[in-house]
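Everything below belongs to target.cif, which stores mmCIF, C-alpha atoms.
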```cif
data_my_file
#
loop_
_atom_site.label_atom_id
_atom_site.label_comp_id
_atom_site.auth_asym_id
_atom_site.auth_seq_id
_atom_site.Cartn_x
_atom_site.Cartn_y
_atom_site.Cartn_z
CA MET H 1 136.57 69.38 76.37
CA SER H 2 133.83 71.96 76.85
CA ASP H 3 131.87 72.47 80.03
CA GLY H 4 128.85 70.96 78.33
CA GLU H 5 130.73 67.77 77.53
CA GLU H 6 132.01 67.59 81.10
CA GLU H 7 128.48 67.87 82.46
CA LYS H 8 127.29 65.02 80.23
CA GLY H 9 130.32 62.88 81.01
CA LYS H 10 133.15 61.41 79.01
CA TRP H 11 134.98 58.09 78.66
CA THR H 12 138.67 58.29 79.48
CA HIS H 13 141.57 56.11 80.63
CA ILE H 14 142.15 55.22 84.25
CA ILE H 15 145.15 57.52 84.78
CA GLU H 16 143.25 60.64 83.71
CA ALA H 17 140.22 59.48 85.69
CA THR H 18 142.33 59.13 88.83
CA TRP H 19 143.62 62.68 88.39
CA LYS H 20 140.13 64.03 87.80
CA GLU H 21 138.82 62.34 90.96
CA LEU H 22 141.37 64.34 92.95
CA GLN H 23 140.21 67.70 91.60
CA ASP H 24 137.66 70.08 93.03
CA THR H 25 137.05 73.80 93.35
CA SER H 26 139.73 74.60 95.93
CA PRO H 27 140.92 77.87 97.47
CA ARG H 28 144.41 79.15 96.72
CA TYR H 29 145.63 78.11 100.14
CA THR H 30 148.53 75.96 101.35
CA PRO H 31 147.00 73.32 103.67
CA TYR H 32 149.99 72.59 105.90
CA VAL H 33 147.96 70.61 108.45
CA THR H 34 146.39 68.45 105.75
CA TYR H 35 149.84 67.75 104.32
CA GLY H 36 151.03 66.94 107.84
CA LEU H 37 148.15 64.51 108.38
CA LEU H 38 148.86 62.85 105.03
CA THR H 39 152.50 62.43 106.03
CA ALA H 40 151.64 61.13 109.51
CA ASN H 41 149.26 58.52 108.09
CA ILE H 42 151.80 57.30 105.55
CA LEU H 43 154.62 57.11 108.12
CA MET H 44 152.39 55.27 110.60
CA PHE H 45 151.39 52.80 107.90
CA LEU H 46 155.04 52.06 107.17
CA ALA H 47 155.88 51.80 110.88
CA THR H 48 153.03 49.40 111.69
CA PHE H 49 152.92 47.35 108.49
CA GLY H 50 154.69 44.36 110.04
CA ALA H 51 152.60 44.46 113.21
CA MET H 52 149.35 44.69 111.22
CA SER H 53 150.37 41.62 109.23
CA ASN H 54 151.34 39.48 112.24
CA ASP H 55 149.17 40.73 115.09
CA PRO H 56 146.59 43.43 114.14
CA TRP H 57 145.37 43.60 117.77
CA SER H 58 148.70 45.17 118.76
CA VAL H 59 147.77 48.18 116.61
CA GLY H 60 144.02 48.09 116.11
CA LEU H 61 141.61 49.20 118.83
CA THR H 62 138.85 46.82 119.92
CA ALA H 63 135.47 48.01 121.16
CA SER H 64 136.10 46.31 124.48
CA GLU H 65 139.37 48.18 124.99
CA PHE H 66 137.73 51.52 124.26
CA ILE H 67 134.90 50.82 126.71
CA GLU H 68 137.39 50.15 129.51
CA ASN H 69 139.73 53.06 128.71
CA LEU H 70 138.49 55.91 126.52
CA LEU H 71 141.90 57.62 126.74
CA ALA H 72 143.98 54.59 125.75
CA PRO H 73 146.93 55.60 123.51
CA LYS H 74 145.77 53.01 121.01
CA VAL H 75 142.73 55.19 120.24
CA LEU H 76 145.03 57.71 118.57
CA LEU H 77 147.33 55.05 117.13
CA SER H 78 144.46 53.24 115.42
CA MET H 79 143.32 56.51 113.77
CA PHE H 80 146.58 56.70 111.83
CA ALA H 81 147.27 53.01 111.09
CA HIS H 82 145.84 51.19 108.07
CA ALA H 83 145.11 47.60 107.14
CA GLY H 84 146.72 47.72 103.69
CA ILE H 85 147.96 49.88 100.85
CA ILE H 86 144.53 50.14 99.18
CA HIS H 87 142.98 51.18 102.49
CA LEU H 88 145.66 53.84 102.92
CA LEU H 89 145.51 55.21 99.35
CA GLY H 90 141.73 55.48 99.38
CA ASN H 91 141.68 57.44 102.63
CA MET H 92 144.55 59.69 101.62
CA ALA H 93 142.87 60.53 98.31
CA TYR H 94 139.76 61.77 100.13
CA LEU H 95 141.85 63.69 102.68
CA TYR H 96 143.96 65.33 99.96
CA LYS H 97 140.92 66.32 97.92
CA HIS H 98 138.70 67.73 100.67
CA GLY H 99 141.06 68.68 103.49
CA ASP H 100 142.38 71.93 102.01
CA ASN H 101 138.91 73.45 101.60
CA VAL H 102 137.92 72.65 105.17
CA GLU H 103 141.27 73.74 106.61
CA ALA H 104 141.01 77.08 104.80
CA ALA H 105 137.60 77.72 106.36
CA MET H 106 138.62 76.72 109.88
CA GLY H 107 142.24 77.77 110.22
CA ARG H 108 145.09 75.38 110.87
CA LEU H 109 144.93 74.73 114.62
CA ARG H 110 141.14 74.57 114.71
CA TYR H 111 141.16 72.17 111.78
CA LEU H 112 143.58 69.82 113.56
CA VAL H 113 141.42 69.80 116.69
CA PHE H 114 138.35 69.24 114.51
CA TYR H 115 140.00 66.28 112.74
CA LEU H 116 140.90 64.55 116.01
CA ILE H 117 137.45 65.10 117.55
CA CYS H 118 135.78 63.64 114.47
CA GLY H 119 138.08 60.62 114.63
CA TYR H 120 137.22 60.11 118.29
CA ALA H 121 133.48 60.46 117.62
CA ALA H 122 133.80 57.94 114.81
CA VAL H 123 135.39 55.40 117.14
CA ALA H 124 132.64 55.98 119.72
CA SER H 125 129.96 55.41 117.08
CA GLN H 126 131.53 52.15 115.92
CA VAL H 127 131.92 50.99 119.52
CA LEU H 128 128.22 51.60 120.13
CA TYR H 129 127.46 49.47 117.08
CA SER H 130 129.72 46.71 118.42
CA SER H 131 127.97 46.97 121.78
CA ALA H 132 124.57 46.76 120.11
CA VAL H 133 125.62 43.54 118.33
CA GLY H 134 127.33 42.24 121.45
CA THR H 135 129.08 39.17 119.99
CA PRO H 136 132.72 38.47 120.82
CA ARG H 137 133.75 38.50 117.19
CA VAL H 138 132.51 42.08 116.81
CA MET H 139 133.66 43.27 120.24
CA LEU H 140 137.18 41.99 119.52
CA ALA H 141 137.49 43.11 115.89
CA PRO H 142 140.51 45.47 115.62
CA MET H 143 139.61 48.91 114.25
CA VAL H 144 142.20 50.81 112.22
CA GLY H 145 142.19 53.64 109.72
CA ALA H 146 141.62 57.35 109.27
CA SER H 147 138.24 56.80 107.61
CA GLY H 148 136.22 58.10 110.56
CA ALA H 149 138.17 61.34 110.89
CA ILE H 150 138.15 61.85 107.12
CA SER H 151 134.40 61.26 107.09
CA GLY H 152 134.23 64.21 109.46
CA VAL H 153 136.17 66.27 106.91
CA LEU H 154 133.63 65.21 104.26
CA GLY H 155 130.78 66.27 106.55
CA ALA H 156 132.32 69.72 107.01
CA TYR H 157 132.97 69.96 103.27
CA LEU H 158 129.34 69.10 102.55
CA TYR H 159 128.32 71.84 104.98
CA LEU H 160 130.72 74.55 103.80
CA TRP H 161 131.36 73.78 100.11
CA PRO H 162 128.24 71.99 98.75
CA GLY H 163 128.32 73.87 95.43
CA ALA H 164 131.98 73.18 94.62
CA SER H 165 132.61 71.32 91.37
CA THR H 166 134.23 67.91 91.37
CA TYR H 167 134.37 64.75 89.27
CA ARG H 168 132.97 61.30 89.78
CA CYS H 169 134.36 58.49 87.65
CA PHE H 170 132.99 54.97 87.21
CA CYS H 171 135.56 52.51 85.89
CA PHE H 172 135.32 49.21 84.05
CA ARG H 173 138.74 47.58 83.78
CA PHE H 174 140.99 50.36 82.42
CA SER H 175 138.26 52.57 80.93
CA CYS H 176 136.41 55.11 83.05
CA TYR H 177 133.36 57.29 82.54
CA CYS H 178 133.85 60.67 84.24
CA MET H 179 131.31 63.40 84.78
CA ARG H 180 131.41 66.71 86.57
CA LEU H 181 128.96 67.27 89.37
CA THR H 182 128.58 69.31 92.53
CA ALA H 183 130.24 68.31 95.79
CA ARG H 184 126.83 67.93 97.44
CA ARG H 185 125.89 65.21 94.96
CA ASP H 186 129.35 63.61 95.01
CA ILE H 187 129.37 63.25 98.80
CA ALA H 188 125.73 62.11 98.74
CA ILE H 189 126.79 59.26 96.43
CA TRP H 190 129.59 58.34 98.84
CA LEU H 191 127.22 58.48 101.81
CA GLY H 192 124.57 56.39 100.07
CA PHE H 193 127.22 53.79 99.27
CA GLN H 194 127.88 53.34 103.00
CA PHE H 195 124.54 51.58 103.32
CA VAL H 196 125.55 49.07 100.63
CA LEU H 197 129.13 48.59 101.81
CA PRO H 198 128.37 46.12 104.65
CA VAL H 199 126.98 43.68 102.08
CA LEU H 200 130.13 43.92 99.95
CA GLU H 201 132.69 44.06 102.78
CA PRO H 202 131.33 43.23 106.26
CA SER H 203 134.63 44.00 108.00
CA VAL H 204 134.47 47.74 107.17
CA ALA H 205 133.60 49.93 110.17
CA VAL H 206 130.69 51.67 108.45
CA PHE H 207 129.32 53.23 111.63
CA ALA H 208 132.66 54.97 112.15
CA HIS H 209 132.07 56.61 108.75
CA LEU H 210 128.52 57.63 109.67
CA GLY H 211 129.48 58.88 113.12
CA GLY H 212 132.40 60.84 111.72
CA LEU H 213 130.21 62.49 109.08
CA VAL H 214 127.59 63.50 111.67
CA ALA H 215 130.35 64.97 113.84
CA GLY H 216 131.78 66.86 110.86
CA ILE H 217 128.47 68.51 110.01
CA ALA H 218 127.66 69.27 113.65
CA LEU H 219 131.03 70.86 114.41
CA ALA H 220 131.57 72.76 111.15
CA PRO H 221 129.78 76.01 112.15
CA ILE H 222 131.34 75.92 115.63
CA ILE H 223 134.94 75.54 114.47
CA ALA H 224 134.88 77.38 111.11
CA LYS H 225 135.72 81.11 111.23
CA ARG H 226 133.23 83.58 109.78
CA GLU H 227 136.01 85.86 108.58
CA ASN H 228 137.62 82.95 106.72
CA VAL H 229 134.32 82.01 105.10
CA ALA H 230 133.73 85.64 104.03
CA ARG H 231 137.22 85.85 102.52
CA LEU H 232 136.84 82.55 100.68
CA ARG H 233 133.51 83.66 99.23
CA GLN H 234 135.21 86.78 97.85
CA MET H 235 138.05 84.70 96.40
CA VAL H 236 135.60 82.47 94.57
CA LYS H 237 133.76 85.51 93.15
CA GLN H 238 137.08 86.88 91.86
CA GLY H 239 138.08 83.56 90.31
CA GLU H 240 140.89 82.95 92.80
CA TYR H 241 140.66 79.17 93.07
CA ARG H 242 142.12 75.98 91.65
CA GLY H 243 140.38 73.12 89.92
CA PRO H 244 137.13 73.00 87.92
CA PRO H 245 135.06 76.20 88.10
CA PRO H 246 131.69 76.02 89.83
CA ASP H 247 128.61 76.09 87.65
CA GLU H 248 127.16 79.62 87.42
CA TYR H 249 123.77 78.35 88.54
CA GLU H 250 125.28 76.58 91.56
CA VAL H 251 126.87 79.81 92.75
CA LEU H 252 123.36 81.18 93.17
CA VAL H 253 121.97 78.08 94.90
CA THR H 254 122.29 77.74 98.67
CA GLY H 255 121.41 74.87 100.96
CA TRP H 256 121.16 71.13 100.35
CA ASP H 257 118.87 69.56 97.79
CA GLY H 258 116.42 66.75 98.51
CA VAL H 259 118.87 63.93 97.76
CA VAL H 260 121.43 65.23 100.24
CA LYS H 261 118.78 65.76 102.92
CA VAL H 262 117.55 62.17 102.54
CA VAL H 263 120.96 60.49 102.81
CA VAL H 264 122.03 62.71 105.73
CA ALA H 265 118.73 61.90 107.48
CA LEU H 266 119.39 58.17 106.95
CA ALA H 267 122.86 58.54 108.43
CA VAL H 268 121.47 60.35 111.48
CA ILE H 269 118.73 57.73 111.98
CA ALA H 270 121.33 54.94 111.82
CA VAL H 271 123.58 56.65 114.37
CA VAL H 272 120.65 57.36 116.70
CA ALA H 273 119.49 53.74 116.51
CA VAL H 274 122.97 52.43 117.27
CA ALA H 275 123.40 54.83 120.19
CA ALA H 276 120.07 53.69 121.66
CA LEU H 277 120.89 50.00 121.26
CA GLY H 278 124.46 50.43 122.44
CA VAL H 279 123.43 50.76 126.10
CA LYS H 280 122.29 47.11 126.23
CA GLY H 281 124.42 44.38 127.84
CA HIS H 282 127.45 44.75 125.65
CA MET H 283 130.05 42.10 126.52
CA TRP H 284 130.31 38.33 126.76
CA HIS H 285 132.29 35.93 128.90
CA VAL H 286 134.72 34.41 126.38
CA TYR H 287 137.63 32.01 126.64
CA THR H 288 139.16 31.62 123.18
CA VAL H 289 138.48 32.42 119.56
CA LYS H 290 139.99 30.02 117.04
CA TYR H 291 140.83 30.91 113.43
CA ARG H 292 140.60 28.03 110.97
CA LEU H 293 142.62 27.50 107.81
CA ASP H 294 139.59 28.22 105.59
CA GLY H 295 139.15 31.65 107.17
CA GLY H 296 136.20 30.69 109.33
CA VAL H 297 136.02 31.36 113.05
CA GLU H 298 135.12 29.03 115.88
CA GLU H 299 133.94 30.94 118.94
CA LEU H 300 133.90 29.18 122.28
CA VAL H 301 131.43 31.29 124.20
CA GLU H 302 129.89 30.88 127.62
CA THR H 303 127.15 33.38 128.29
CA GLY H 304 127.06 35.11 131.63
CA LEU H 305 127.41 38.50 133.25
CA PRO H 306 128.77 41.27 131.01
CA GLN H 307 132.56 41.19 131.11
CA PRO H 308 135.15 43.29 129.27
CA LEU H 309 137.27 41.36 126.80
CA LYS H 310 140.97 41.84 126.28
CA VAL H 311 143.21 40.21 123.71
CA GLU H 312 146.12 38.76 125.68
CA ARG H 313 148.16 37.28 122.84
CA VAL H 314 147.86 35.57 119.49
CA ILE H 315 149.15 32.01 119.10
CA THR H 316 149.49 31.23 115.45
CA GLY H 317 151.16 29.01 112.93
CA CYS H 318 152.68 31.06 110.11
CA LEU H 319 152.78 30.67 106.36
CA PRO H 320 155.64 32.96 105.19
CA VAL H 321 154.48 35.75 102.89
CA GLY H 322 157.33 38.11 102.06
CA VAL H 323 158.76 39.54 105.27
CA SER H 324 155.66 38.69 107.31
CA CYS H 325 153.52 35.63 107.88
CA PHE H 326 149.93 34.68 107.21
CA PRO H 327 148.16 33.05 110.20
CA VAL H 328 147.36 29.50 109.13
CA ASP H 329 145.80 28.19 112.32
CA GLY H 330 145.74 30.11 115.55
CA TYR H 331 144.07 30.96 118.79
CA LEU H 332 143.22 34.38 120.12
CA LEU H 333 143.61 34.18 123.90
CA VAL H 334 141.14 36.42 125.70
CA SER H 335 141.01 37.51 129.33
CA HIS H 336 138.05 38.99 131.19
CA GLY H 337 137.67 41.22 134.21
CA PRO H 338 135.24 43.49 136.08
CA ALA H 339 132.63 45.01 133.80
CA SER H 340 132.17 48.75 133.41
CA ASN H 341 129.57 50.69 131.48
CA ILE H 342 131.32 54.06 131.71
CA GLY H 343 132.71 53.83 128.17
CA ILE H 344 129.28 53.09 126.73
CA LEU H 345 127.59 55.89 128.68
CA LEU H 346 130.22 58.46 127.71
CA SER H 347 130.06 57.36 124.06
CA VAL H 348 126.29 57.78 124.09
CA GLY H 349 126.72 61.20 125.71
CA LEU H 350 129.21 62.30 123.03
CA ILE H 351 126.99 61.16 120.17
CA GLY H 352 123.95 62.73 121.83
CA ALA H 353 125.72 66.09 122.18
CA LEU H 354 126.77 65.97 118.53
CA LEU H 355 123.21 65.23 117.44
CA LEU H 356 121.97 68.30 119.34
CA LEU H 357 124.65 70.42 117.70
CA LEU H 358 123.70 68.90 114.34
CA TYR H 359 120.17 70.26 114.68
CA ASP H 360 121.46 73.81 115.14
CA ALA H 361 124.05 73.38 112.40
CA VAL H 362 121.53 72.30 109.78
CA LYS H 363 119.30 75.29 110.58
CA SER H 364 122.17 77.71 109.85
CA GLN H 365 123.79 75.82 106.96
CA ARG H 366 122.99 78.41 104.31
CA GLU H 367 124.65 81.15 106.33
CA TRP H 368 127.96 79.29 106.42
CA GLU H 369 128.47 77.72 103.04
CA VAL H 370 131.29 79.21 101.01
CA LEU H 371 130.03 77.87 97.71
#
```
Once more with this new file: its structure as structure tokens, please.
Amino acid sequence: MSDGEEEKGKWTHIIEATWKELQDTSPRYTPYVTYGLLTANILMFLATFGAMSNDPWSVGLTASEFIENLLAPKVLLSMFAHAGIIHLLGNMAYLYKHGDNVEAAMGRLRYLVFYLICGYAAVASQVLYSSAVGTPRVMLAPMVGASGAISGVLGAYLYLWPGASTYRCFCFRFSCYCMRLTARRDIAIWLGFQFVLPVLEPSVAVFAHLGGLVAGIALAPIIAKRENVARLRQMVKQGEYRGPPPDEYEVLVTGWDGVVKVVVALAVIAVVAVAALGVKGHMWHVYTVKYRLDGGVEELVETGLPQPLKVERVITGCLPVGVSCFPVDGYLLVSHGPASNIGILLSVGLIGALLLLLYDAVKSQREWEVL
């Protein structure tokens, strides 16, 4: 297939499309930390699969827990656990595809620190959203997954490698239409989809994705090494890379185009709005939350002074499904205690600092991009 055909797109089968989606213009670099993160996520998924099936609150982090203890071990645990195999595979595909480029620009140790900070910022952003909504169902929803940290990787990739070539495939049953496009457009499509996702799947922590991406862009020029970027630029010029070659025109283009600027601006506006609303009264006085057989939820709520919520235990009847059970009818027992706003204030402070760094990062984006 010629480059021209790739640019126009081509119908192919789902196996080839899956392989194409994993390709991009990548440096000849062994990303040991990315491989380590992939392994850690997979092992954690296997280790917590039973717990996620029976009692997701034992693994997932709730907004109320984070507000009361920002350093709770479950913050880190929830960043590596996943709700299901599709959730895991989707996240790992994005990490595998984009992690090596970002790791090469930052260096291994810096990249690991960057990944964890982005994951933490993502949690803080989602917690502020939960606080802004303020209902028990949202405050007690367990958060799991590496999506927030990986969104940070995507943000750094968008900053450092916007002209890299990649593929985007759209599938109908087992046939897929694949076309080659630049990373800046590919990630812009992903980012734009985040604003549609809540309609399709309300349980997805979209604001963790947005917060992680903002953190990734803001931190990229601080954590990336100039000498690494200079070396990678030279490697690309000499053809020392893997994956589809960048378009000759794109090599000459620097900075983001209008589409990317619009979707990034929308993400920033959404995060700013959530941070501003997140300082409102953020917790309710709750006794129990009952899950019905039809999947609905009955909330027994008594309004009052803001109180932190904590899941004490899950009482459930089980319908056996393989080695685990599906909760048929159960009660989520919730305790409450003295309220504290320290988690909210520190989350707002973290997001605010990242937004200030984002302003400086965007101004110098053209100086940093590898491709």
Skip H:Ile42 itself and residues of its chain fewer than 6 positions away, then list as a PyMOL selection string all residues within 12 Å of it, counting all atoms listed in the file.
-> chain H and resi 35-36+48-49+79-85+87-93+145-146
Output the selection as a PDB file, in the frame of the given file - C-alpha atoms for each residue.
```
ATOM      1  CA  TYR H  35     149.840  67.750 104.320  1.00  0.00           C
ATOM      2  CA  GLY H  36     151.030  66.940 107.840  1.00  0.00           C
ATOM      3  CA  THR H  48     153.030  49.400 111.690  1.00  0.00           C
ATOM      4  CA  PHE H  49     152.920  47.350 108.490  1.00  0.00           C
ATOM      5  CA  MET H  79     143.320  56.510 113.770  1.00  0.00           C
ATOM      6  CA  PHE H  80     146.580  56.700 111.830  1.00  0.00           C
ATOM      7  CA  ALA H  81     147.270  53.010 111.090  1.00  0.00           C
ATOM      8  CA  HIS H  82     145.840  51.190 108.070  1.00  0.00           C
ATOM      9  CA  ALA H  83     145.110  47.600 107.140  1.00  0.00           C
ATOM     10  CA  GLY H  84     146.720  47.720 103.690  1.00  0.00           C
ATOM     11  CA  ILE H  85     147.960  49.880 100.850  1.00  0.00           C
ATOM     12  CA  HIS H  87     142.980  51.180 102.490  1.00  0.00           C
ATOM     13  CA  LEU H  88     145.660  53.840 102.920  1.00  0.00           C
ATOM     14  CA  LEU H  89     145.510  55.210  99.350  1.00  0.00           C
ATOM     15  CA  GLY H  90     141.730  55.480  99.380  1.00  0.00           C
ATOM     16  CA  ASN H  91     141.680  57.440 102.630  1.00  0.00           C
ATOM     17  CA  MET H  92     144.550  59.690 101.620  1.00  0.00           C
ATOM     18  CA  ALA H  93     142.870  60.530  98.310  1.00  0.00           C
ATOM     19  CA  GLY H 145     142.190  53.640 109.720  1.00  0.00           C
ATOM     20  CA  ALA H 146     141.620  57.350 109.270  1.00  0.00           C
TER      21      ALA H 146
END
```
Enumerate, as a count of residues only, the residues matched when the PyMOL selection byres ((chain H and resi 154) around 9) is run on the file above.
-> 20
Can you pull out every residue within 10 Å of H:Phe172, counting only C-alpha atoms, but drop anything in the same chain fewer than 5 positions away, and send it as an MDAnalysis selection string?
-> chainID H and resid 13:14 177
Selection result for the PyMOL selection byres ((chain H and resi 271) around 10) on this file, as a PyMOL selection string | chain H and resi 125-126+128-129+207-208+210-211+214+265-270+272-277+351-352+355
Which of these, H:Val370, H:Ile342, H:Val259, H:Ala361, has the shortest distance to H:Glu68 once you count all atoms listed in the file?
-> H:Ile342
